[in-house]
$ cat coords-v4.cif   # mmCIF, C-alpha atoms
data_entry
loop_
_atom_site.label_atom_id
_atom_site.label_comp_id
_atom_site.auth_asym_id
_atom_site.auth_seq_id
_atom_site.Cartn_x
_atom_site.Cartn_y
_atom_site.Cartn_z
CA ASP A 1 236.35 256.27 11.50
CA TYR A 2 234.22 253.43 12.86
CA PHE A 3 234.97 250.92 10.07
CA ALA A 4 233.70 247.91 11.99
CA ALA A 5 230.43 249.31 13.33
CA PRO A 6 227.71 246.67 12.81
CA ALA A 7 224.08 247.75 12.41
CA THR A 8 220.86 245.75 12.76
CA HIS A 9 217.24 246.75 12.52
CA THR A 10 213.71 245.68 13.37
CA PHE A 11 210.45 246.75 11.76
CA PRO A 12 207.44 245.43 13.66
CA ALA A 13 204.03 246.33 12.31
CA VAL A 14 201.97 248.81 14.36
CA GLU A 15 198.78 247.20 15.57
CA ASN A 16 195.61 248.38 13.77
CA SER A 17 197.69 250.47 11.37
CA ASN A 18 199.38 250.30 7.96
CA ASN A 19 202.56 251.66 9.53
CA VAL A 20 205.69 249.94 10.82
CA ASP A 21 208.14 251.10 13.47
CA VAL A 22 211.72 250.90 12.20
CA THR A 23 214.41 250.72 14.86
CA VAL A 24 218.09 250.70 13.94
CA PHE A 25 220.65 249.41 16.44
CA VAL A 26 224.27 250.47 15.91
CA GLU A 27 227.20 249.16 17.88
CA ALA A 28 229.97 251.67 17.30
CA GLY A 29 232.82 249.40 18.32
CA PRO A 30 236.33 250.83 18.49
CA LYS A 31 237.33 253.87 16.50
CA VAL A 32 239.85 252.85 13.82
CA ARG A 33 242.88 254.79 12.70
CA VAL A 34 244.91 253.67 9.68
CA LEU A 35 248.60 254.50 9.36
CA VAL A 36 251.21 253.74 6.71
CA GLN A 37 254.88 253.41 7.54
CA PRO A 38 257.06 254.91 6.29
CA PRO A 39 254.77 257.88 5.56
CA GLY A 40 254.10 258.25 1.84
CA ALA A 41 255.08 254.67 0.97
CA ALA A 42 251.44 254.04 0.04
CA SER A 43 248.25 256.06 0.05
CA VAL A 44 246.40 256.04 3.39
CA SER A 45 243.19 256.87 1.52
CA ASP A 46 243.64 253.79 -0.70
CA VAL A 47 244.07 251.58 2.35
CA SER A 48 241.11 253.14 4.15
CA ARG A 49 238.91 252.73 1.08
CA LEU A 50 239.69 249.01 0.89
CA ILE A 51 238.73 248.56 4.53
CA ARG A 52 235.64 250.81 4.33
CA THR A 53 234.33 248.85 1.32
CA GLU A 54 234.23 245.64 3.36
CA GLY A 55 233.08 247.32 6.58
CA SER A 56 235.34 245.12 8.63
CA VAL A 57 238.81 244.98 10.13
CA ASP A 58 239.07 241.24 10.73
CA GLN A 59 242.30 239.36 10.04
CA ASP A 60 241.25 237.96 6.65
CA LEU A 61 240.35 241.43 5.36
CA LEU A 62 243.62 242.91 6.59
CA ASP A 63 245.55 240.11 4.87
CA ASP A 64 243.57 240.83 1.68
CA THR A 65 244.47 244.50 2.04
CA ASN A 66 248.15 243.56 2.30
CA GLU A 67 247.86 241.64 -0.97
CA ALA A 68 245.91 244.39 -2.74
CA LEU A 69 248.60 246.92 -1.80
CA ARG A 70 251.38 244.58 -2.98
CA ARG A 71 249.58 244.11 -6.28
CA LYS A 72 249.15 247.85 -6.78
CA LEU A 73 252.81 248.57 -5.98
CA ARG A 74 254.00 245.83 -8.32
CA GLN A 75 251.89 247.31 -11.11
CA GLU A 76 253.82 250.54 -10.47
CA GLY A 77 257.15 248.78 -11.01
CA TYR A 78 257.96 247.79 -7.44
CA TRP A 79 258.39 244.15 -8.39
CA LYS A 80 259.55 242.94 -4.97
CA ALA A 81 257.33 245.14 -2.82
CA ASN A 82 256.14 243.70 0.46
CA VAL A 83 253.41 244.81 2.87
CA SER A 84 252.65 243.72 6.43
CA HIS A 85 250.42 245.08 9.18
CA ARG A 86 249.97 245.15 12.92
CA VAL A 87 246.94 246.00 15.07
CA ASP A 88 247.13 247.86 18.39
CA ASP A 89 244.07 248.35 20.64
CA GLN A 90 244.15 250.97 23.39
CA ASP A 91 241.49 253.08 25.15
CA GLY A 92 238.76 252.41 22.56
CA LEU A 93 241.09 253.14 19.62
CA ARG A 94 242.16 250.46 17.17
CA GLU A 95 245.29 251.52 15.33
CA ILE A 96 246.17 249.55 12.18
CA THR A 97 249.66 250.19 10.84
CA PHE A 98 250.64 248.97 7.39
CA THR A 99 254.39 248.72 6.91
CA VAL A 100 255.40 249.02 3.27
CA ASP A 101 258.75 247.99 1.81
CA ARG A 102 258.62 249.14 -1.78
CA GLY A 103 262.18 248.14 -2.66
CA LEU A 104 263.64 249.08 -6.02
CA LYS A 105 261.59 250.25 -8.98
CA TYR A 106 262.09 247.87 -11.92
CA ARG A 107 261.98 248.55 -15.64
CA PHE A 108 261.75 246.23 -18.61
CA ALA A 109 265.20 245.75 -20.14
CA ALA A 110 264.89 243.10 -22.85
CA ASN A 111 263.01 240.08 -24.15
CA ASP A 112 265.45 237.23 -24.65
CA SER A 113 263.48 235.33 -27.30
CA PRO A 114 265.45 233.64 -30.10
CA ASN A 115 264.89 234.71 -33.69
CA THR A 116 264.30 231.12 -34.79
CA LEU A 117 260.71 230.88 -33.55
CA GLN A 118 257.87 230.21 -35.99
CA LEU A 119 256.05 233.45 -35.18
CA PRO A 120 257.88 236.51 -36.57
CA ARG A 121 259.49 238.76 -33.97
CA PRO A 122 257.28 241.80 -34.81
CA ILE A 123 254.16 239.73 -34.09
CA LEU A 124 255.65 238.41 -30.84
CA ASP A 125 256.50 241.96 -29.74
CA LYS A 126 253.04 243.25 -30.62
CA LEU A 127 251.31 240.49 -28.66
CA ALA A 128 253.65 240.89 -25.69
CA ALA A 129 252.84 244.64 -25.58
CA VAL A 130 255.81 245.58 -23.38
CA HIS A 131 258.60 247.94 -24.40
CA VAL A 132 262.13 248.59 -23.24
CA GLY A 133 262.24 251.21 -20.49
CA GLU A 134 258.65 250.72 -19.34
CA LEU A 135 257.85 249.87 -15.73
CA PHE A 136 258.11 246.13 -15.19
CA ASP A 137 254.88 244.41 -14.13
CA GLN A 138 255.13 240.63 -14.05
CA GLY A 139 251.35 240.21 -14.32
CA ARG A 140 251.29 242.32 -17.49
CA VAL A 141 254.22 240.37 -18.96
CA GLU A 142 252.55 237.03 -18.31
CA ALA A 143 249.27 238.27 -19.82
CA GLY A 144 251.27 239.01 -22.98
CA LEU A 145 252.74 235.50 -22.93
CA VAL A 146 249.22 234.08 -22.74
CA ARG A 147 248.24 236.08 -25.85
CA ILE A 148 251.26 234.67 -27.69
CA LEU A 149 250.39 231.16 -26.56
CA LEU A 150 246.82 231.54 -27.86
CA ASP A 151 248.20 232.60 -31.24
CA TYR A 152 250.40 229.52 -31.33
CA ASN A 153 247.42 227.33 -30.41
CA ARG A 154 245.38 228.79 -33.27
CA LEU A 155 248.16 227.80 -35.67
CA GLY A 156 248.08 224.19 -34.46
CA TYR A 157 250.89 224.25 -31.88
CA TYR A 158 248.71 222.42 -29.38
CA ALA A 159 251.53 221.58 -26.95
CA ALA A 160 253.23 225.01 -26.90
CA GLU A 161 254.16 226.31 -23.44
CA PHE A 162 256.18 229.01 -21.70
CA LYS A 163 258.53 228.48 -18.78
CA PRO A 164 259.40 232.13 -18.08
CA ALA A 165 262.40 233.20 -16.03
CA TYR A 166 263.25 236.73 -14.93
CA GLU A 167 266.81 238.01 -14.69
CA GLU A 168 267.47 241.05 -12.54
CA THR A 169 270.11 243.43 -13.83
CA SER A 170 271.37 246.90 -13.01
CA ALA A 171 269.86 250.18 -14.20
CA ARG A 172 271.26 253.67 -14.79
CA ASN A 173 269.07 255.50 -12.30
CA ALA A 174 269.50 255.34 -8.52
CA GLY A 175 266.75 253.37 -6.77
CA GLU A 176 265.98 251.42 -9.93
CA ALA A 177 266.85 248.05 -11.45
CA ALA A 178 265.96 246.27 -14.67
CA VAL A 179 264.58 242.89 -15.69
CA ILE A 180 265.44 240.72 -18.68
CA ILE A 181 262.64 238.32 -19.60
CA HIS A 182 263.56 234.80 -20.70
CA PRO A 183 260.23 233.43 -22.02
CA ASN A 184 261.69 229.93 -22.65
CA LEU A 185 259.02 229.08 -25.19
CA VAL A 186 258.70 225.43 -26.18
CA GLU A 187 256.75 225.39 -29.44
CA GLY A 188 256.27 221.64 -29.75
CA PRO A 189 254.82 219.95 -32.85
CA ARG A 190 252.45 221.73 -35.21
CA GLY A 191 249.43 219.49 -35.48
CA HIS A 192 247.12 219.15 -38.45
CA ILE A 193 244.03 217.00 -38.74
CA LYS A 194 244.72 213.94 -40.87
CA GLU A 195 241.32 212.28 -40.46
CA VAL A 196 237.99 212.66 -38.65
CA ARG A 197 236.69 209.21 -37.72
CA PHE A 198 233.30 208.39 -36.20
CA VAL A 199 232.57 205.42 -33.96
CA PHE A 200 228.82 205.04 -33.32
CA ALA A 201 227.47 202.97 -30.44
CA ALA A 202 224.67 201.83 -32.77
CA GLY A 203 223.67 202.42 -36.36
CA PRO A 204 223.44 206.23 -36.71
CA ARG A 205 219.99 207.71 -37.16
CA VAL A 206 221.35 211.20 -37.87
CA PRO A 207 223.17 210.97 -41.22
CA GLU A 208 226.94 211.19 -40.84
CA GLY A 209 227.02 213.92 -43.49
CA ASP A 210 224.80 216.10 -41.29
CA VAL A 211 227.09 215.46 -38.35
CA ARG A 212 230.24 216.38 -40.25
CA ALA A 213 228.59 219.52 -41.66
CA VAL A 214 228.38 221.23 -38.25
CA MET A 215 232.05 220.63 -37.45
CA GLN A 216 234.87 223.09 -38.03
CA SER A 217 237.61 220.48 -37.53
CA ARG A 218 238.29 218.95 -40.93
CA PRO A 219 241.18 217.14 -42.61
CA GLY A 220 243.99 219.55 -43.48
CA GLN A 221 242.98 222.10 -40.83
CA PRO A 222 245.24 222.96 -37.86
CA PHE A 223 244.50 220.91 -34.77
CA VAL A 224 243.14 223.37 -32.22
CA TYR A 225 241.74 222.22 -28.86
CA ALA A 226 239.34 225.17 -28.67
CA THR A 227 237.88 224.27 -32.07
CA VAL A 228 237.48 220.63 -31.04
CA LYS A 229 235.57 221.71 -27.92
CA ALA A 230 233.33 223.96 -30.04
CA ASP A 231 232.69 221.00 -32.36
CA GLN A 232 231.66 218.84 -29.42
CA ASP A 233 229.18 221.50 -28.29
CA ALA A 234 227.83 221.90 -31.84
CA LEU A 235 227.28 218.14 -32.16
CA LEU A 236 225.43 217.94 -28.85
CA ASP A 237 223.21 220.83 -29.96
CA LEU A 238 222.53 219.05 -33.28
CA TYR A 239 221.46 215.87 -31.54
CA ALA A 240 219.37 217.73 -28.94
CA ASN A 241 217.54 219.66 -31.67
CA ARG A 242 216.67 216.36 -33.35
CA GLY A 243 215.28 214.83 -30.18
CA PHE A 244 218.35 212.94 -28.93
CA ARG A 245 218.51 214.78 -25.61
CA THR A 246 220.68 212.21 -23.84
CA ALA A 247 223.21 211.86 -26.67
CA SER A 248 226.89 211.82 -25.73
CA VAL A 249 229.87 212.76 -27.87
CA GLY A 250 233.46 212.05 -26.90
CA ILE A 251 236.40 213.31 -28.97
CA ALA A 252 239.84 211.72 -28.57
CA PRO A 253 242.81 212.99 -30.61
CA GLU A 254 245.28 210.30 -31.65
CA GLU A 255 248.75 211.65 -32.40
CA GLY A 256 251.01 210.30 -35.11
CA VAL A 257 254.60 209.31 -34.39
CA ASP A 258 255.86 212.87 -34.92
CA GLY A 259 252.93 214.48 -33.10
CA GLN A 260 251.90 216.35 -36.25
CA ALA A 261 249.31 214.13 -37.94
CA ILE A 262 246.22 214.00 -35.71
CA VAL A 263 243.31 211.61 -36.11
CA LEU A 264 240.15 212.80 -34.34
CA VAL A 265 238.12 209.82 -33.11
CA LEU A 266 234.55 210.73 -32.19
CA SER A 267 232.62 208.27 -30.05
CA VAL A 268 228.90 208.92 -30.46
CA ASN A 269 226.04 207.40 -28.50
CA GLU A 270 222.82 208.91 -29.80
CA GLY A 271 220.60 207.31 -27.18
CA PRO A 272 216.80 207.32 -27.55
CA GLN A 273 214.99 209.85 -29.73
CA ILE A 274 212.26 211.59 -27.81
#

$ encode --input "coords-v4.cif" --output "structure tokens"
Amino acid sequence: DYFAAPATHTFPAVENSNNVDVTVFVEAGPKVRVLVQPPGAASVSDVSRLIRTEGSVDQDLLDDTNEALRRKLRQEGYWKANVSHRVDDQDGLREITFTVDRGLKYRFAANDSPNTLQLPRPILDKLAAVHVGELFDQGRVEAGLVRILLDYNRLGYYAAEFKPAYEETSARNAGEAAVIIHPNLVEGPRGHIKEVRFVFAAGPRVPEGDVRAVMQSRPGQPFVYATVKADQDALLDLYANRGFRTASVGIAPEEGVDGQAIVLVLSVNEGPQI
């Protein structure tokens, strides 16, 4: 295939006519052959499709193809797969050889989370969405950890974080290994809103009651960063709709000694009303 064949065209108008002459110029360039070593380690058609989509065989694209193949293999359980390539040009033929080292196929062995966490284990397992014996895909595992983290955030654990580690262990089947996940979750304090305090740059022209009414963050509610950001957007919309188009709203959480009682301090500058 001529993957790198560039094409250009011209279309000058024909004098004294409504027609145009379209001329297409094609530079075939070298014919390209794609190989995978060892044979069968990856699909040649998959590799060719990636190259054909871009219509190029430059170094950046070939590096991207390496990474795309690694990603696909890792999704299939080949956690430590590696891919490299070399390019050989001879007699008008460009031969691109991708060398694939799949390594062992890995399966999920266990989730080493303690049973003392605030979220019940069944909920953690459901959000993680990985099961013992399934093919191990680190990207899928970490997507599950993100879902768990979002659930913690919604409950007020604003500083929760994962520091995952992966322990390789043996498996029963030849050519396979297993992975134990150590999520290393740090829950941190569970914040709740103690007070919502306004500091106005000048005497407020929009009643404070109207301002508070559009906010979701209220005393007694969990402290959630996403909710605070939504409140900031809602306040800016409120001011804009009332003619304060240059209004600014800053929200600064002040933590108590234990990190649980949060005071939200809102700095409001309404600016001129247009």

$ residues_around --input "coords-v4.cif" --residues "Leu185 of chain A" --least-positions-apart "2" --cutoff "7 Å" --atoms "only C-alpha atoms" --output "list of chain:residue names"
A:Glu161, A:Phe162, A:Lys163, A:Pro183, A:Glu187

$ residues_near_point --input "coords-v4.cif" --point "(255.6, 240.7, -15.4)" --cutoff "9 Å" --atoms "only C-alpha atoms" --output "JSON, numbers by chain"
{"A": [74, 75, 79, 108, 136, 137, 138, 139, 140, 141, 142, 143, 144, 166, 181]}

$ resolve_selection --input "coords-v4.cif" --expression "the PyMOL selection byres ((chain A and resi 62) around 10)" --output "ChimeraX atom specification"
/A:47,50-51,56-61,63-68,84-87,96,98

$ residues_near_point --input "coords-v4.cif" --point "(243.1, 212.7, -42.5)" --cutoff "7 Å" --atoms "only C-alpha atoms" --output "MDAnalysis selection string"
chainID A and resid 193:196 219:220 263

$ resolve_selection --input "coords-v4.cif" --expression "the PyMOL selection byres ((chain A and resi 91) around 12)" --output "list of chain:residue names"
A:Gly29, A:Pro30, A:Lys31, A:Val32, A:Asp88, A:Asp89, A:Gln90, A:Gly92, A:Leu93, A:Arg94, A:Glu95

$ decode --input "coords-v4.cif" --residues "segment 161-177 of chain A" --atoms "all heavy atoms" --output "compact mmCIF listing (two decimals), in the first residue's frame"
# COMPACT_ATOMS: atom_id res chain seq x y z
N GLU A 161 -7.66 10.49 48.94
CA GLU A 161 -6.78 10.21 47.81
C GLU A 161 -6.33 8.76 47.83
O GLU A 161 -6.30 8.12 48.89
CB GLU A 161 -5.56 11.14 47.81
CG GLU A 161 -4.67 10.98 49.01
CD GLU A 161 -3.40 11.82 48.93
OE1 GLU A 161 -2.94 12.08 47.80
OE2 GLU A 161 -2.87 12.20 49.98
N PHE A 162 -6.00 8.25 46.65
CA PHE A 162 -5.44 6.91 46.49
C PHE A 162 -3.95 7.03 46.16
O PHE A 162 -3.53 7.94 45.44
CB PHE A 162 -6.13 6.15 45.35
CG PHE A 162 -7.49 5.61 45.71
CD1 PHE A 162 -8.64 6.24 45.27
CD2 PHE A 162 -7.61 4.48 46.50
CE1 PHE A 162 -9.89 5.73 45.59
CE2 PHE A 162 -8.84 3.97 46.83
CZ PHE A 162 -9.99 4.60 46.38
N LYS A 163 -3.18 6.09 46.67
CA LYS A 163 -1.78 5.94 46.29
C LYS A 163 -1.57 4.46 45.93
O LYS A 163 -0.95 3.71 46.68
CB LYS A 163 -0.87 6.36 47.44
CG LYS A 163 -1.04 7.83 47.83
CD LYS A 163 -0.15 8.20 49.00
CE LYS A 163 -0.35 9.67 49.38
NZ LYS A 163 0.50 10.06 50.53
N PRO A 164 -2.14 4.04 44.78
CA PRO A 164 -2.18 2.60 44.47
C PRO A 164 -0.81 2.00 44.23
O PRO A 164 0.10 2.64 43.69
CB PRO A 164 -3.04 2.54 43.21
CG PRO A 164 -2.89 3.90 42.59
CD PRO A 164 -2.75 4.86 43.73
N ALA A 165 -0.68 0.75 44.65
CA ALA A 165 0.51 -0.05 44.37
C ALA A 165 0.03 -1.40 43.84
O ALA A 165 -1.05 -1.87 44.19
CB ALA A 165 1.36 -0.23 45.62
N TYR A 166 0.85 -2.01 42.99
CA TYR A 166 0.46 -3.26 42.34
C TYR A 166 1.52 -4.33 42.64
O TYR A 166 2.70 -4.13 42.35
CB TYR A 166 0.31 -3.05 40.84
CG TYR A 166 -0.71 -1.97 40.51
CD1 TYR A 166 -0.30 -0.65 40.27
CD2 TYR A 166 -2.07 -2.25 40.49
CE1 TYR A 166 -1.22 0.34 40.00
CE2 TYR A 166 -2.99 -1.26 40.22
CZ TYR A 166 -2.57 0.03 39.98
OH TYR A 166 -3.50 1.02 39.72
N GLU A 167 1.06 -5.42 43.21
CA GLU A 167 1.96 -6.51 43.60
C GLU A 167 1.78 -7.69 42.65
O GLU A 167 0.69 -8.26 42.55
CB GLU A 167 1.65 -6.94 45.04
CG GLU A 167 2.49 -8.11 45.53
CD GLU A 167 2.04 -8.60 46.90
OE1 GLU A 167 1.21 -7.92 47.56
OE2 GLU A 167 2.49 -9.70 47.30
N GLU A 168 2.85 -8.05 41.97
CA GLU A 168 2.81 -9.18 41.06
C GLU A 168 2.97 -10.48 41.85
O GLU A 168 3.80 -10.58 42.74
CB GLU A 168 3.93 -9.06 40.03
CG GLU A 168 3.94 -10.17 38.99
CD GLU A 168 5.00 -9.97 37.94
OE1 GLU A 168 5.55 -8.85 37.85
OE2 GLU A 168 5.29 -10.94 37.20
N THR A 169 2.16 -11.45 41.52
CA THR A 169 2.24 -12.74 42.18
C THR A 169 2.06 -13.85 41.14
O THR A 169 1.74 -13.58 39.98
CB THR A 169 1.18 -12.86 43.30
OG1 THR A 169 1.35 -14.07 44.01
CG2 THR A 169 -0.24 -12.81 42.73
N SER A 170 2.26 -15.07 41.55
CA SER A 170 2.20 -16.19 40.60
C SER A 170 0.75 -16.56 40.29
O SER A 170 -0.17 -16.22 41.02
CB SER A 170 2.95 -17.40 41.16
OG SER A 170 2.38 -17.79 42.40
N ALA A 171 0.59 -17.30 39.18
CA ALA A 171 -0.73 -17.79 38.78
C ALA A 171 -0.62 -19.27 38.48
O ALA A 171 0.46 -19.83 38.34
CB ALA A 171 -1.22 -17.03 37.55
N ARG A 172 -1.78 -19.94 38.38
CA ARG A 172 -1.80 -21.39 38.16
C ARG A 172 -1.43 -21.77 36.74
O ARG A 172 -0.81 -22.79 36.50
CB ARG A 172 -3.19 -21.93 38.49
CG ARG A 172 -3.59 -21.79 39.96
CD ARG A 172 -4.98 -22.35 40.18
NE ARG A 172 -5.39 -22.22 41.58
CZ ARG A 172 -6.58 -22.63 42.04
NH1 ARG A 172 -7.47 -23.16 41.19
NH2 ARG A 172 -6.88 -22.47 43.31
N ASN A 173 -1.83 -20.93 35.78
CA ASN A 173 -1.66 -21.29 34.38
C ASN A 173 -0.31 -20.83 33.83
O ASN A 173 0.18 -19.74 34.18
CB ASN A 173 -2.79 -20.68 33.54
CG ASN A 173 -4.15 -21.16 33.98
OD1 ASN A 173 -4.29 -22.31 34.43
ND2 ASN A 173 -5.15 -20.31 33.86
N ALA A 174 0.28 -21.64 32.97
CA ALA A 174 1.55 -21.28 32.33
C ALA A 174 1.35 -20.04 31.46
O ALA A 174 0.30 -19.87 30.82
CB ALA A 174 2.03 -22.44 31.48
N GLY A 175 2.33 -19.16 31.44
CA GLY A 175 2.26 -17.95 30.65
C GLY A 175 1.43 -16.86 31.29
O GLY A 175 1.18 -15.82 30.66
N GLU A 176 0.98 -17.07 32.52
CA GLU A 176 0.16 -16.08 33.20
C GLU A 176 0.76 -15.72 34.55
O GLU A 176 1.59 -16.44 35.10
CB GLU A 176 -1.28 -16.59 33.40
CG GLU A 176 -2.05 -16.77 32.11
CD GLU A 176 -3.53 -17.00 32.34
OE1 GLU A 176 -3.95 -17.16 33.52
OE2 GLU A 176 -4.29 -17.04 31.34
N ALA A 177 0.34 -14.56 35.05
CA ALA A 177 0.69 -14.12 36.40
C ALA A 177 -0.53 -13.40 36.95
O ALA A 177 -1.55 -13.28 36.27
CB ALA A 177 1.91 -13.21 36.37
